[in-house]
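Coordinates from start_4.tsv are shown below (TSV, C-alpha atoms).
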chain	number	residue	atom	x	y	z
X	1	MET	CA	83.77	129.50	152.19
X	2	ARG	CA	86.86	128.14	150.55
X	3	GLU	CA	89.02	130.32	152.81
X	4	LEU	CA	87.48	128.89	155.98
X	5	ARG	CA	87.99	125.36	154.71
X	6	SER	CA	91.67	125.93	153.98
X	7	ALA	CA	92.33	128.03	157.10
X	8	PHE	CA	90.73	125.68	159.63
X	9	PRO	CA	93.16	122.72	159.35
X	10	LYS	CA	96.09	125.11	159.94
X	11	THR	CA	94.51	126.29	163.18
X	12	ILE	CA	93.97	122.83	164.68
X	13	PRO	CA	97.17	122.91	166.77
X	14	VAL	CA	96.07	126.29	168.10
X	15	LEU	CA	92.65	124.77	168.82
X	16	PHE	CA	94.24	122.21	171.14
X	17	GLY	CA	96.73	124.63	172.63
X	18	TYR	CA	94.29	127.48	173.24
X	19	ILE	CA	91.46	125.36	174.58
X	20	PHE	CA	93.85	123.77	177.03
X	21	LEU	CA	95.62	126.97	178.06
X	22	GLY	CA	92.29	128.84	178.07
X	23	ILE	CA	90.83	126.29	180.49
X	24	THR	CA	93.87	126.72	182.74
X	25	TYR	CA	93.42	130.48	182.61
X	26	GLY	CA	89.67	130.42	183.31
X	27	LEU	CA	90.16	127.98	186.15
X	28	LEU	CA	92.99	130.02	187.66
X	29	MET	CA	90.92	133.23	187.63
X	30	VAL	CA	87.88	131.62	189.22
X	31	THR	CA	89.81	129.69	191.84
X	32	SER	CA	91.60	132.95	192.69
X	33	GLY	CA	88.22	134.34	193.69
X	34	LEU	CA	87.57	136.53	190.65
X	35	PRO	CA	84.14	136.60	189.00
X	36	VAL	CA	83.28	133.95	186.39
X	37	TYR	CA	82.67	136.44	183.57
X	38	LEU	CA	86.10	138.04	183.98
X	39	PRO	CA	88.26	135.40	182.26
X	40	ILE	CA	85.83	135.31	179.35
X	41	LEU	CA	85.75	139.08	178.99
X	42	THR	CA	89.52	139.51	179.29
X	43	ALA	CA	90.08	136.65	176.85
X	44	MET	CA	88.02	138.67	174.41
X	45	ILE	CA	89.43	142.16	174.90
X	46	ILE	CA	93.04	141.62	176.02
X	47	TYR	CA	93.62	138.31	174.24
X	48	THR	CA	97.23	137.76	175.17
X	49	GLY	CA	97.73	134.60	177.17
X	50	SER	CA	100.95	135.66	178.83
X	51	MET	CA	99.54	139.02	179.92
X	52	GLU	CA	96.28	137.50	181.12
X	53	PHE	CA	98.03	135.07	183.43
X	54	LEU	CA	99.93	138.02	184.91
X	55	LEU	CA	96.67	139.93	185.18
X	56	VAL	CA	95.42	137.42	187.74
X	57	ASP	CA	98.25	138.44	190.08
X	58	ILE	CA	97.81	142.10	189.28
X	59	LEU	CA	94.09	142.02	190.07
X	60	LEU	CA	94.76	140.32	193.38
X	61	SER	CA	97.34	142.88	194.53
X	62	SER	CA	96.76	146.53	195.42
X	63	PHE	CA	95.61	149.09	192.86
X	64	ASN	CA	98.49	150.36	190.72
X	65	PRO	CA	97.42	151.23	187.16
X	66	ALA	CA	100.81	152.72	186.22
X	67	SER	CA	102.64	149.53	187.00
X	68	ALA	CA	99.92	147.52	185.24
X	69	LEU	CA	100.40	149.65	182.12
X	70	VAL	CA	104.18	149.23	182.17
X	71	THR	CA	103.76	145.47	182.52
X	72	ALA	CA	101.32	145.39	179.59
X	73	LEU	CA	103.70	147.41	177.41
X	74	MET	CA	106.69	145.23	178.32
X	75	VAL	CA	104.87	141.95	177.80
X	76	GLY	CA	103.26	143.26	174.63
X	77	ALA	CA	106.47	144.69	173.17
X	78	ARG	CA	106.98	141.64	170.97
X	79	HIS	CA	103.82	142.61	169.08
X	80	ILE	CA	105.82	145.46	167.58
X	81	PHE	CA	108.02	142.88	165.85
X	82	TYR	CA	104.96	141.01	164.64
X	83	GLY	CA	103.51	144.24	163.31
X	84	LEU	CA	106.70	145.12	161.45
X	85	SER	CA	106.78	141.64	159.90
X	86	MET	CA	103.13	141.75	158.89
X	87	LEU	CA	103.10	145.36	157.61
X	88	SER	CA	103.25	144.47	153.95
X	89	LYS	CA	101.16	141.29	154.29
X	90	TYR	CA	98.27	143.12	155.97
X	91	ARG	CA	98.38	146.02	153.54
X	92	GLY	CA	95.24	146.42	151.49
X	93	THR	CA	93.11	144.21	153.71
X	94	GLY	CA	90.53	147.00	154.00
X	95	LYS	CA	87.91	146.85	156.73
X	96	ALA	CA	89.31	143.62	158.16
X	97	LYS	CA	92.65	145.25	158.92
X	98	PHE	CA	91.63	146.62	162.31
X	99	TYR	CA	90.45	143.22	163.44
X	100	LEU	CA	93.55	141.48	162.03
X	101	ILE	CA	95.84	143.82	163.97
X	102	TYR	CA	93.75	143.61	167.14
X	103	THR	CA	93.90	139.82	167.19
X	104	THR	CA	97.61	139.39	166.45
X	105	SER	CA	98.56	136.80	169.05
X	106	ASP	CA	101.84	134.86	168.94
X	107	GLU	CA	100.16	131.91	167.27
X	108	THR	CA	98.00	133.91	164.86
X	109	PHE	CA	101.03	135.92	163.79
X	110	ALA	CA	103.03	132.75	163.20
X	111	LEU	CA	100.25	131.10	161.18
X	112	ASN	CA	99.48	134.14	159.06
X	113	TYR	CA	103.14	134.96	158.47
X	114	ASP	CA	103.78	131.37	157.43
X	115	ALA	CA	100.59	131.09	155.37
X	116	VAL	CA	100.70	130.09	151.74
X	117	ILE	CA	97.29	131.18	150.58
X	118	PRO	CA	95.78	128.55	148.28
X	119	GLU	CA	95.02	129.54	144.75
X	120	GLY	CA	91.62	131.09	144.33
X	121	CYS	CA	91.41	132.12	147.97
X	122	ASP	CA	91.07	135.72	149.06
X	123	ARG	CA	94.01	136.47	151.34
X	124	THR	CA	92.06	138.92	153.51
X	125	LYS	CA	89.38	136.32	154.21
X	126	TYR	CA	92.01	133.68	154.85
X	127	TYR	CA	93.85	135.88	157.37
X	128	PHE	CA	90.52	136.78	158.94
X	129	PHE	CA	89.44	133.19	159.48
X	130	VAL	CA	92.77	132.20	161.01
X	131	SER	CA	92.55	135.19	163.38
X	132	PHE	CA	88.88	134.65	164.16
X	133	LEU	CA	89.14	130.90	164.80
X	134	ASP	CA	92.17	131.35	167.04
X	135	GLN	CA	90.42	134.01	169.10
X	136	LEU	CA	87.30	131.87	169.31
X	137	TYR	CA	89.34	128.93	170.67
X	138	TRP	CA	90.90	131.11	173.33
X	139	ILE	CA	87.56	132.55	174.45
X	140	CYS	CA	85.94	129.09	174.49
X	141	GLY	CA	88.83	127.69	176.49
X	142	ALA	CA	88.59	130.49	179.05
X	143	ALA	CA	84.82	130.01	179.27
X	144	ILE	CA	85.10	126.26	179.76
X	145	GLY	CA	87.75	126.76	182.42
X	146	ALA	CA	85.71	129.39	184.23
X	147	LEU	CA	82.43	127.48	184.14
X	148	ALA	CA	83.45	123.83	184.29
X	149	GLY	CA	87.19	123.65	184.84
X	150	SER	CA	86.87	121.90	188.17
X	151	PHE	CA	85.09	118.93	186.55
X	152	ILE	CA	88.02	118.07	184.31
X	153	THR	CA	89.83	115.06	185.67
X	154	VAL	CA	91.77	113.78	182.63
X	155	ASN	CA	95.51	114.13	183.11
X	156	THR	CA	96.38	116.84	180.63
X	157	GLU	CA	99.86	117.53	181.97
X	158	GLY	CA	102.15	118.35	179.09
X	159	LEU	CA	99.39	119.09	176.58
X	160	ASP	CA	100.57	122.68	176.36
X	161	PHE	CA	103.64	121.36	174.58
X	162	VAL	CA	101.53	121.37	171.41
X	163	MET	CA	102.22	125.12	171.18
X	164	THR	CA	105.97	124.61	171.43
X	165	ALA	CA	105.72	121.92	168.76
X	166	MET	CA	103.85	124.33	166.50
X	167	PHE	CA	106.54	126.98	166.78
X	168	VAL	CA	109.23	124.36	166.19
X	169	CYS	CA	107.47	123.35	162.96
X	170	ILE	CA	107.00	126.91	161.77
X	171	PHE	CA	110.62	127.67	162.60
X	172	LEU	CA	111.80	124.61	160.64
X	173	ASN	CA	109.48	125.46	157.78
X	174	GLN	CA	111.11	128.89	157.57
X	175	TRP	CA	114.50	127.18	157.73
X	176	VAL	CA	113.66	124.88	154.83
X	177	LYS	CA	112.29	127.82	152.82
X	178	ASP	CA	115.53	129.74	153.33
X	179	SER	CA	117.59	126.67	152.41
X	180	ASP	CA	115.71	126.38	149.14
X	181	GLU	CA	116.20	130.05	148.44
X	182	ALA	CA	119.89	129.75	149.23
X	183	LYS	CA	120.25	126.89	146.79
X	184	LYS	CA	118.64	128.98	144.06
X	185	SER	CA	120.72	132.08	144.68
X	186	GLY	CA	123.93	130.38	145.77
X	187	LEU	CA	124.04	131.90	149.23
X	188	SER	CA	126.14	130.29	151.94
X	189	PHE	CA	124.49	128.34	154.75
X	190	LEU	CA	125.29	130.94	157.37
X	191	HIS	CA	124.14	133.79	155.18
X	192	ALA	CA	120.82	132.19	154.32
X	193	HIS	CA	119.97	131.25	157.92
X	194	ALA	CA	121.42	134.28	159.68
X	195	PRO	CA	118.05	135.66	160.91
X	196	GLU	CA	117.05	132.31	162.46
X	197	ILE	CA	120.46	131.80	164.04
X	198	ILE	CA	120.51	135.35	165.40
X	199	GLY	CA	116.99	134.82	166.81
X	200	VAL	CA	117.82	131.59	168.60
X	201	ALA	CA	121.32	132.52	169.75
X	202	GLY	CA	120.33	136.02	170.88
X	203	SER	CA	117.39	134.69	172.90
X	204	LEU	CA	119.40	131.86	174.43
X	205	VAL	CA	122.16	134.18	175.58
X	206	CYS	CA	119.60	136.61	177.05
X	207	LEU	CA	117.74	133.73	178.71
X	208	LEU	CA	120.96	132.65	180.41
X	209	ILE	CA	121.78	136.18	181.54
X	210	PHE	CA	118.36	137.56	182.48
X	211	GLY	CA	116.43	134.41	183.40
X	212	PRO	CA	113.09	133.13	182.12
X	213	ASP	CA	110.97	136.03	183.42
X	214	HIS	CA	112.91	138.97	182.04
X	215	PHE	CA	114.64	137.92	178.86
X	216	ILE	CA	112.13	138.91	176.18
X	217	ILE	CA	112.89	142.63	176.02
X	218	PRO	CA	116.70	142.18	176.15
X	219	SER	CA	116.36	139.51	173.45
X	220	MET	CA	114.37	141.86	171.24
X	221	ILE	CA	116.97	144.59	171.67
X	222	VAL	CA	119.86	142.22	170.92
X	223	ILE	CA	118.11	140.76	167.86
X	224	LEU	CA	117.19	144.19	166.54
X	225	LEU	CA	120.72	145.47	167.10
X	226	ILE	CA	122.46	142.57	165.36
X	227	LEU	CA	120.02	142.62	162.45
X	228	THR	CA	120.54	146.35	162.07
X	229	LEU	CA	124.33	146.06	162.15
X	230	ALA	CA	124.26	143.15	159.72
X	231	ARG	CA	121.95	144.89	157.27
X	232	LYS	CA	124.61	145.52	154.65
X	233	THR	CA	125.58	141.85	154.65
X	234	LEU	CA	122.11	140.35	154.91
X	235	GLU	CA	120.27	142.60	152.54
X	236	ARG	CA	121.17	141.18	149.20
X	237	PRO	CA	120.69	143.06	145.98
X	238	GLY	CA	117.24	142.43	144.67
X	239	SER	CA	115.90	141.46	148.05
X	240	LYS	CA	113.25	144.12	147.71
X	241	GLU	CA	111.91	142.42	144.64
X	242	GLU	CA	112.03	139.14	146.49
X	243	MET	CA	109.72	140.58	149.09
X	244	ALA	CA	107.12	141.23	146.48
X	245	GLU	CA	107.86	137.96	144.71
X	246	PRO	CA	104.47	136.57	143.81
X	247	THR	CA	104.35	133.32	145.74
X	248	ALA	CA	101.13	131.39	145.35
X	249	GLY	CA	99.74	133.28	148.32
X	250	ASP	CA	100.55	136.74	147.19
X	251	ALA	CA	99.36	136.31	143.65
X	252	GLY	CA	96.09	138.02	144.34
X	253	LYS	CA	97.69	140.86	146.26
X	254	GLU	CA	97.67	143.46	143.55
X	255	SER	CA	94.22	142.68	142.31
X	256	VAL	CA	92.84	143.03	145.82
X	257	LYS	CA	94.14	146.58	145.99
S	1	MET	CA	90.26	141.06	197.05
S	2	ILE	CA	92.03	144.32	197.81
S	3	MET	CA	90.74	146.26	194.79
S	4	THR	CA	87.29	147.76	194.51
S	5	THR	CA	85.24	146.81	191.46
S	6	SER	CA	85.90	150.11	189.72
S	7	GLN	CA	89.64	149.84	190.39
S	8	MET	CA	89.52	146.38	188.88
S	9	TRP	CA	87.86	147.72	185.74
S	10	ILE	CA	90.39	150.53	185.43
S	11	THR	CA	93.23	148.02	185.72
S	12	ILE	CA	91.71	145.79	183.03
S	13	ALA	CA	91.14	148.78	180.75
S	14	VAL	CA	94.72	149.97	181.22
S	15	VAL	CA	96.17	146.53	180.48
S	16	ALA	CA	93.95	146.20	177.41
S	17	ALA	CA	94.96	149.66	176.17
S	18	GLY	CA	98.66	148.90	176.64
S	19	THR	CA	98.38	145.62	174.77
S	20	VAL	CA	96.38	147.15	171.93
S	21	PHE	CA	98.92	149.96	171.66
S	22	THR	CA	101.80	147.52	171.12
S	23	ARG	CA	99.79	145.77	168.42
S	24	PHE	CA	98.85	148.89	166.50
S	25	LEU	CA	102.05	150.89	166.85
S	26	PRO	CA	103.80	149.67	163.65
S	27	TYR	CA	100.65	150.20	161.60
S	28	ILE	CA	100.17	153.69	163.01
S	29	ALA	CA	103.80	154.52	162.20
S	30	PHE	CA	103.48	153.16	158.66
S	31	PRO	CA	99.90	153.68	157.54
S	32	GLU	CA	98.39	152.33	154.36
S	33	GLY	CA	99.37	154.37	151.32
S	34	ARG	CA	102.64	155.61	152.81
S	35	LYS	CA	105.71	153.90	151.49
S	36	ILE	CA	107.47	151.65	153.96
S	37	PRO	CA	111.08	152.84	154.30
S	38	PRO	CA	113.68	150.37	152.97
S	39	PHE	CA	115.13	149.78	156.43
S	40	VAL	CA	111.72	148.83	157.82
S	41	GLN	CA	111.11	146.62	154.80
S	42	TYR	CA	114.39	144.91	155.54
S	43	LEU	CA	113.36	144.43	159.18
S	44	GLY	CA	109.99	143.10	158.09
S	45	LYS	CA	111.79	140.45	156.11
S	46	VAL	CA	114.42	139.34	158.62
S	47	LEU	CA	112.53	139.86	161.89
S	48	GLY	CA	109.98	137.13	161.18
S	49	PRO	CA	112.48	134.24	161.02
S	50	ALA	CA	114.38	135.65	164.01
S	51	VAL	CA	111.18	135.98	166.05
S	52	PHE	CA	110.28	132.34	165.37
S	53	GLY	CA	113.61	131.45	166.98
S	54	LEU	CA	112.75	133.68	169.92
S	55	LEU	CA	109.31	132.07	170.26
S	56	VAL	CA	110.79	128.56	170.38
S	57	VAL	CA	113.21	129.65	173.11
S	58	TYR	CA	110.34	131.44	174.88
S	59	CYS	CA	108.23	128.26	174.94
S	60	LEU	CA	111.13	126.29	176.38
S	61	ARG	CA	112.24	128.96	178.86
S	62	ASN	CA	111.04	127.09	181.93
S	63	SER	CA	112.57	123.75	180.96
S	64	ASP	CA	114.12	122.01	183.91
S	65	LEU	CA	117.66	121.19	182.88
S	66	LEU	CA	118.57	119.81	186.30
S	67	ALA	CA	117.84	116.44	187.88
S	68	PRO	CA	115.62	114.48	187.67
S	69	ARG	CA	114.42	115.58	184.24
S	70	PHE	CA	117.61	117.03	182.73
S	71	GLY	CA	115.41	118.63	180.09
S	72	ILE	CA	114.89	115.23	178.50
S	73	PRO	CA	111.13	115.61	177.85
S	74	GLU	CA	111.73	118.94	176.10
S	75	ILE	CA	114.69	117.66	174.08
S	76	ALA	CA	112.78	114.52	173.08
S	77	GLY	CA	109.60	116.46	172.29
S	78	VAL	CA	111.39	119.02	170.13
S	79	GLY	CA	113.57	116.31	168.54
S	80	VAL	CA	110.63	114.11	167.58
S	81	THR	CA	108.61	117.09	166.31
S	82	GLY	CA	111.53	118.28	164.21
S	83	ALA	CA	112.48	114.86	162.86
S	84	VAL	CA	108.91	114.00	161.87
S	85	PHE	CA	108.36	117.40	160.32
S	86	VAL	CA	111.54	117.33	158.27
S	87	THR	CA	110.87	113.81	156.98
S	88	THR	CA	107.11	114.03	156.36
S	89	LYS	CA	106.55	117.81	155.94
S	90	GLN	CA	103.28	117.18	157.79
S	91	MET	CA	102.93	119.74	160.54
S	92	MET	CA	99.97	118.06	162.24
S	93	ILE	CA	101.61	114.65	162.45
S	94	ALA	CA	104.85	116.17	163.69
S	95	MET	CA	103.08	118.13	166.41
S	96	ALA	CA	100.96	115.20	167.50
S	97	ALA	CA	104.00	112.92	167.70
S	98	GLY	CA	106.14	115.44	169.57
S	99	THR	CA	103.40	116.33	172.03
S	100	ALA	CA	102.56	112.66	172.65
S	101	VAL	CA	106.20	111.86	173.42
S	102	TYR	CA	106.42	114.87	175.72
S	103	MET	CA	103.19	114.00	177.57
S	104	ILE	CA	104.20	110.38	178.07
S	105	LEU	CA	107.58	111.46	179.40
S	106	VAL	CA	106.27	114.04	181.87
S	107	GLN	CA	103.34	111.93	183.04
S	108	ALA	CA	104.67	108.39	183.13
S	109	VAL	CA	108.44	108.55	183.25
S	110	PHE	CA	109.44	111.62	185.26

Mind turning the file's structure into structure tokens?
Amino acid sequence: MRELRSAFPKTIPVLFGYIFLGITYGLLMVTSGLPVYLPILTAMIIYTGSMEFLLVDILLSSFNPASALVTALMVGARHIFYGLSMLSKYRGTGKAKFYLIYTTSDETFALNYDAVIPEGCDRTKYYFFVSFLDQLYWICGAAIGALAGSFITVNTEGLDFVMTAMFVCIFLNQWVKDSDEAKKSGLSFLHAHAPEIIGVAGSLVCLLIFGPDHFIIPSMIVILLILTLARKTLERPGSKEEMAEPTAGDAGKESVK
Amino acid sequence: MIMTTSQMWITIAVVAAGTVFTRFLPYIAFPEGRKIPPFVQYLGKVLGPAVFGLLVVYCLRNSDLLAPRFGIPEIAGVGVTGAVFVTTKQMMIAMAAGTAVYMILVQAVF
């Protein structure tokens, strides 16, 4: 299981983050008076932290499936961006594809998008193990929280920052990658980092305007709009070939098909 | 609880269906074997980096920029994570350092 051995270390930050957040979630559900099996089950089938925390409130208010559906679609809308980014990476993953798509959480998306698959590893198996381990952590966390959360007395305040730190690293890693590419192809700083800058600036502006609870969808629209308008400038000749550029990870892509 | 058990199950099923739909939509629109249009290919390439920016902002959305914290734990945590990552290229060490700094600041200082 070479793939498991190389995938596991990458998932360790998610292990800490998910176990901790999962415990919080399980504990919150149970202390809200909901049955113990519910956090575990929803961790398994919904598997979106942000939506699950909202679900606690939804389940405690009066029955309104239409509003619940709208909330799920709004909160889940960012998955569409993940899907578009992973389209070509998840192509040709065969039977595992359904599971890979089903378990695309923020963290799993980030890890698999960022993944450089080690030589000799099967990319499908690698993606699978990252997805599977992450989901396992989340379910375990929820279960621990539901069953034993009230026994935890260690001060874990601030531990959830590990997730922020992970995204910061992945963001910087992308930044460094683009810098290297810019050096090779002679692109300007702004040109090479435009997507990152648009992502951060667009979200910040929307956060200021719409506030922390409602800025995701506006951010997505703004980002999509700017990227669409800037296509001519950002899409450099030969960028299509670049996409298929056989990095170490993608080397096995064709042979898998 | 206000909901009956069956209402609760319907709500959970609806939320699950909505979430699954958002995850599968791009793959349904562009199934295996069909060529991905150039515009979507372009989006696939530039959306990833942009979304990482969005995710960082999303994680920090509830930062308290007012007194007494002034966002210092977040700034320090992100700063340490970034500095360690850029110098060592070790994601684990960077994350551990940044998170430790953040936890110390929120637990012991503020």

Original post:
Skipping near chain neighbours, those fewer than 3 positions away, what residues fall within 10 Å of segment 68-82 of chain S using only C-alpha atoms, listed as number ranges by chain?
Top reply: X: 158, 161-162, 164-169, 171-173; S: 56, 60, 62-65, 85-89, 91-106, 109-110

Original post:
What residues in chain X have any atom no more than 6 Å from chain S when counting all atoms listed in the file, and can you write them as a PyMOL selection string?
Top reply: chain X and resi 46+60+62-63+65+69+72-73+76-77+79-80+83-85+158+161-162+164-165+167+171+195-196+199-200+203+212

**OP:** Considering only C-alpha atoms, state which residue in the set X:Leu59, X:Arg123, X:Gly94, X:Phe16 is at the smallest distance from Gly33 of chain X.
**Re:**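 The closest residue to Gly33 of chain X is X:Leu59.
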
Original post:
Suppose you want the space between atom CA of Ile139 of chain X and atom CA of Ser6 of chain X; what is it in Å?
Top reply: 21.9 Å

Any chance you could work out the axis-aligned box around segment 10-20 of chain S, listed atoms only, 5 Å on each side, giving centre and edge lengths in Å to one decimal, as lines of an AutoDock Vina configuration file?
center_x = 94.5
center_y = 148.1
center_z = 178.8
size_x = 18.3
size_y = 14.9
size_z = 23.8

**OP:** Have a look at atom CA of Leu54 of chain X and atom CA of Leu208 of chain X and let me know their distance in Å, one decimal.
**Re:**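 Answer for the atom CA of Leu54 of chain X to atom CA of Leu208 of chain X separation: 22.2 Å.
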
Could you tell me, as a PDB file with C-alpha atoms, in the coordinates of the input, which residues have any atom at most 12 Å from (85.5, 133.6, 183.7), counting all atoms listed in the file?
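Output below, filename selection_25.pdb:
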ATOM      1  CA  GLY X  22      92.290 128.840 178.070  1.00  0.00           C
ATOM      2  CA  ILE X  23      90.830 126.290 180.490  1.00  0.00           C
ATOM      3  CA  THR X  24      93.870 126.720 182.740  1.00  0.00           C
ATOM      4  CA  TYR X  25      93.420 130.480 182.610  1.00  0.00           C
ATOM      5  CA  GLY X  26      89.670 130.420 183.310  1.00  0.00           C
ATOM      6  CA  LEU X  27      90.160 127.980 186.150  1.00  0.00           C
ATOM      7  CA  LEU X  28      92.990 130.020 187.660  1.00  0.00           C
ATOM      8  CA  MET X  29      90.920 133.230 187.630  1.00  0.00           C
ATOM      9  CA  VAL X  30      87.880 131.620 189.220  1.00  0.00           C
ATOM     10  CA  THR X  31      89.810 129.690 191.840  1.00  0.00           C
ATOM     11  CA  SER X  32      91.600 132.950 192.690  1.00  0.00           C
ATOM     12  CA  GLY X  33      88.220 134.340 193.690  1.00  0.00           C
ATOM     13  CA  LEU X  34      87.570 136.530 190.650  1.00  0.00           C
ATOM     14  CA  PRO X  35      84.140 136.600 189.000  1.00  0.00           C
ATOM     15  CA  VAL X  36      83.280 133.950 186.390  1.00  0.00           C
ATOM     16  CA  TYR X  37      82.670 136.440 183.570  1.00  0.00           C
ATOM     17  CA  LEU X  38      86.100 138.040 183.980  1.00  0.00           C
ATOM     18  CA  PRO X  39      88.260 135.400 182.260  1.00  0.00           C
ATOM     19  CA  ILE X  40      85.830 135.310 179.350  1.00  0.00           C
ATOM     20  CA  LEU X  41      85.750 139.080 178.990  1.00  0.00           C
ATOM     21  CA  THR X  42      89.520 139.510 179.290  1.00  0.00           C
ATOM     22  CA  ALA X  43      90.080 136.650 176.850  1.00  0.00           C
ATOM     23  CA  MET X  44      88.020 138.670 174.410  1.00  0.00           C
ATOM     24  CA  GLU X  52      96.280 137.500 181.120  1.00  0.00           C
ATOM     25  CA  VAL X  56      95.420 137.420 187.740  1.00  0.00           C
ATOM     26  CA  TRP X 138      90.900 131.110 173.330  1.00  0.00           C
ATOM     27  CA  ILE X 139      87.560 132.550 174.450  1.00  0.00           C
ATOM     28  CA  CYS X 140      85.940 129.090 174.490  1.00  0.00           C
ATOM     29  CA  GLY X 141      88.830 127.690 176.490  1.00  0.00           C
ATOM     30  CA  ALA X 142      88.590 130.490 179.050  1.00  0.00           C
ATOM     31  CA  ALA X 143      84.820 130.010 179.270  1.00  0.00           C
ATOM     32  CA  ILE X 144      85.100 126.260 179.760  1.00  0.00           C
ATOM     33  CA  GLY X 145      87.750 126.760 182.420  1.00  0.00           C
ATOM     34  CA  ALA X 146      85.710 129.390 184.230  1.00  0.00           C
ATOM     35  CA  LEU X 147      82.430 127.480 184.140  1.00  0.00           C
ATOM     36  CA  ALA X 148      83.450 123.830 184.290  1.00  0.00           C
ATOM     37  CA  GLY X 149      87.190 123.650 184.840  1.00  0.00           C
TER      38      GLY X 149
END

Original post:
Could you work out how far atom CA of Leu21 of chain X lies from atom CA of Lys89 of chain X, giving the answer in Å with one decimal?
Top reply: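 Distance between the two atoms: 28.3 Å.
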